[in-house]
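Student: I have a structure here, written as structure tokens, and I will follow up with some questions on it.
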Amino acid sequence: MLIETAEQIYSRLMSELGPKSRVSLERIRQACDGIEVVRGLMNYSRVAAAATERFGGPKQQTIQNNRLLKAYISRRVLEYGQTSRRSVEKHTAVCSAQSAQYPTTSIDAKTRAYIDLLRADNKRLHDENVHLSRLLEERTESSPVPLADAIRSGPSDEFALQIATVDGQALPGSMRELLELFVNGRDEQMQIQSRDDATRLTILRNGIEHVLLTPAQWNQARVWMMRTLETQR
């Protein structure tokens, strides 16, 4: 059996009661609404007192003698108690969350804002450290660190391992397309163009000139080739 809500009971009674009782029911409903607004105590006597104060009735004895009006008030009291209990639980949860977030719930808004800023900065630094750690891991995977040599070298002035890496051993990205052209053996015309101290490498494709290596990439590729040759001597 479904339990009617207070609103359902009100709608049903408004269609069943006579004119005088409907007026009493409407006044009781408004009295209950007023008690909920001020979060006051709700029971038969308080509802009757509120209705009598605002509308002149129905009085408590009239309500006690009418089981239908009592049924509506009883349901309103039950729902009001459930709503109040949820509000208290929500307030308690909010206070508990604030207690966990701040040293005490009595600190002022300015101090809370300052704590929030500190936490935001800490989170930003944490995210940056995670990003840098990921980059370091990727760099180490592409260019393994000679750990045995670092251990033999002993600690640095900061008591850290002296890890020496040889820059330029990894293949620069600017060289990959150039090497792919050599490997694939494409019949394309390449040209080295120099002006002042800047040098670039261009390629002619379908009658259109494309820059294969910019001056900066040319210098990077040149340094890489020179260091590679030095390590092989």
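Identifiers in this document derive from the order of the structure tokens: chains are assigned A, B, ..., residues are numbered from 1 separately in each chain, and ligands are numbered from 1 in order of occurrence.
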Extract, using only C-alpha atoms, all DNA, RNA and protein residues at most 10 Å from Glu53 in chain A, discarding same-chain residues fewer than 6 positions from it, and format them as a PyMOL selection string.
Tutor: chain A and resi 31+47+59
Student: Just how far from CA of Gln60 in chain A is CA of Ser45 in chain A, in Å to one decimal?
Tutor: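 So the two atoms, CA of Ser45 in chain A and CA of Gln60 in chain A, lie 5.9 Å apart.
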Student: Using only C-alpha atoms, can you tell me which of A:Ser15, A:Arg124, A:Leu68, A:Leu41 comes closest to Ser84 in chain A?
Tutor: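 That would be A:Leu41, the residue with the smallest distance to Ser84 in chain A.
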Student: For Leu17 in chain A, which of A:Arg76, A:Arg67, A:Arg85, A:Arg200 is the closest residue, counting only C-alpha atoms?
Tutor: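 Counting only C-alpha atoms, the residue closest to Leu17 in chain A is A:Arg67.
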Student: Using only C-alpha atoms, which residues sit within 12 Å of Arg12 in chain A once same-chain residues fewer than 3 positions away are excluded, as a compact mmCIF listing (two decimals) with N, CA and C atoms, in the first residue's frame?
Tutor:
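File result01.txt, as written:
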# COMPACT_ATOMS: atom_id res chain seq x y z
N GLU A 4 0.48 8.01 1.30
CA GLU A 4 0.24 9.31 0.70
C GLU A 4 1.15 10.36 1.32
N THR A 5 1.58 11.26 0.48
CA THR A 5 2.32 12.42 0.98
C THR A 5 1.33 13.45 1.50
N ALA A 6 1.84 14.44 2.20
CA ALA A 6 0.97 15.49 2.72
C ALA A 6 0.26 16.22 1.59
N GLU A 7 0.96 16.43 0.49
CA GLU A 7 0.35 17.12 -0.64
C GLU A 7 -0.76 16.29 -1.26
N GLN A 8 -0.55 14.98 -1.33
CA GLN A 8 -1.59 14.10 -1.86
C GLN A 8 -2.81 14.05 -0.94
N ILE A 9 -2.56 14.03 0.37
CA ILE A 9 -3.67 14.04 1.33
C ILE A 9 -4.45 15.34 1.20
N SER A 15 -11.12 17.59 -2.23
CA SER A 15 -12.21 17.11 -3.09
C SER A 15 -13.27 16.35 -2.31
N GLU A 16 -12.99 15.98 -1.06
CA GLU A 16 -13.92 15.19 -0.27
C GLU A 16 -14.65 16.03 0.79
N LEU A 17 -13.99 17.02 1.35
CA LEU A 17 -14.57 17.79 2.45
C LEU A 17 -15.59 18.80 1.97
N ARG A 22 -13.00 22.62 4.10
CA ARG A 22 -11.95 22.97 3.15
C ARG A 22 -11.25 24.26 3.55
N LEU A 25 -8.95 23.35 6.35
CA LEU A 25 -7.77 22.63 5.85
C LEU A 25 -6.78 23.59 5.20
N LEU A 68 -9.74 13.77 9.86
CA LEU A 68 -9.14 14.06 8.56
C LEU A 68 -8.13 15.20 8.66
N LEU A 69 -8.50 16.23 9.42
CA LEU A 69 -7.55 17.33 9.63
C LEU A 69 -6.34 16.84 10.42
N ALA A 71 -5.15 13.84 10.33
CA ALA A 71 -4.34 13.00 9.44
C ALA A 71 -3.41 13.86 8.59
N TYR A 72 -3.93 14.99 8.13
CA TYR A 72 -3.08 15.88 7.32
C TYR A 72 -1.95 16.46 8.16
Student: Give me the residues near Ala216 in chain A as a PDB file with N, CA and C atoms, in the first residue's frame, where near means some atom within 10 Å (using only C-alpha atoms) and where sequence neighbours in that chain fewer than 6 positions away do not count.
Tutor:
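So around-v6.pdb came out as:
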ATOM      1  N   SER A 174      65.146  17.065 -36.736  1.00  0.00           N
ATOM      2  CA  SER A 174      65.355  17.706 -38.033  1.00  0.00           C
ATOM      3  C   SER A 174      66.091  16.807 -39.019  1.00  0.00           C
ATOM      4  N   ALA A 198      73.846  32.281 -42.357  1.00  0.00           N
ATOM      5  CA  ALA A 198      72.701  31.368 -42.292  1.00  0.00           C
ATOM      6  C   ALA A 198      72.738  30.399 -43.462  1.00  0.00           C
ATOM      7  N   THR A 199      72.498  29.141 -43.164  1.00  0.00           N
ATOM      8  CA  THR A 199      72.469  28.091 -44.182  1.00  0.00           C
ATOM      9  C   THR A 199      71.203  27.268 -43.997  1.00  0.00           C
ATOM     10  N   ARG A 200      70.579  26.931 -45.109  1.00  0.00           N
ATOM     11  CA  ARG A 200      69.396  26.090 -45.047  1.00  0.00           C
ATOM     12  C   ARG A 200      69.430  25.087 -46.183  1.00  0.00           C
ATOM     13  N   ARG A 222      74.266  19.885 -38.012  1.00  0.00           N
ATOM     14  CA  ARG A 222      75.721  19.982 -38.178  1.00  0.00           C
ATOM     15  C   ARG A 222      76.440  19.638 -36.878  1.00  0.00           C
TER      16      ARG A 222
END
Student: Can you list, as a ChimeraX atom specification, every protein, DNA or RNA residue that comes within 8 Å of range 115-118 of chain A when you count only C-alpha atoms, leaving out same-chain residues fewer than 4 positions away?
Tutor: /A:102,111,122
Student: For the residues in the current selection, export N, CA and C atoms as a PDB file, in the first residue's frame.
Tutor:
ATOM      1  N   TYR A 102      40.141  22.986   7.043  1.00  0.00           N
ATOM      2  CA  TYR A 102      40.811  24.077   7.741  1.00  0.00           C
ATOM      3  C   TYR A 102      41.153  23.643   9.171  1.00  0.00           C
ATOM      4  N   THR A 111      41.406  34.441   6.151  1.00  0.00           N
ATOM      5  CA  THR A 111      42.380  33.380   6.422  1.00  0.00           C
ATOM      6  C   THR A 111      42.066  32.135   5.600  1.00  0.00           C
ATOM      7  N   ASN A 122      50.311  24.776  -4.039  1.00  0.00           N
ATOM      8  CA  ASN A 122      50.902  23.455  -3.812  1.00  0.00           C
ATOM      9  C   ASN A 122      50.465  22.460  -4.880  1.00  0.00           C
TER      10      ASN A 122
END
Student: Grab the CA of Ile203 in chain A to CA of Ala221 in chain A distance for me, in Å with one decimal place.
Tutor: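 Value for the CA of Ile203 in chain A-CA of Ala221 in chain A distance: 16.4 Å.
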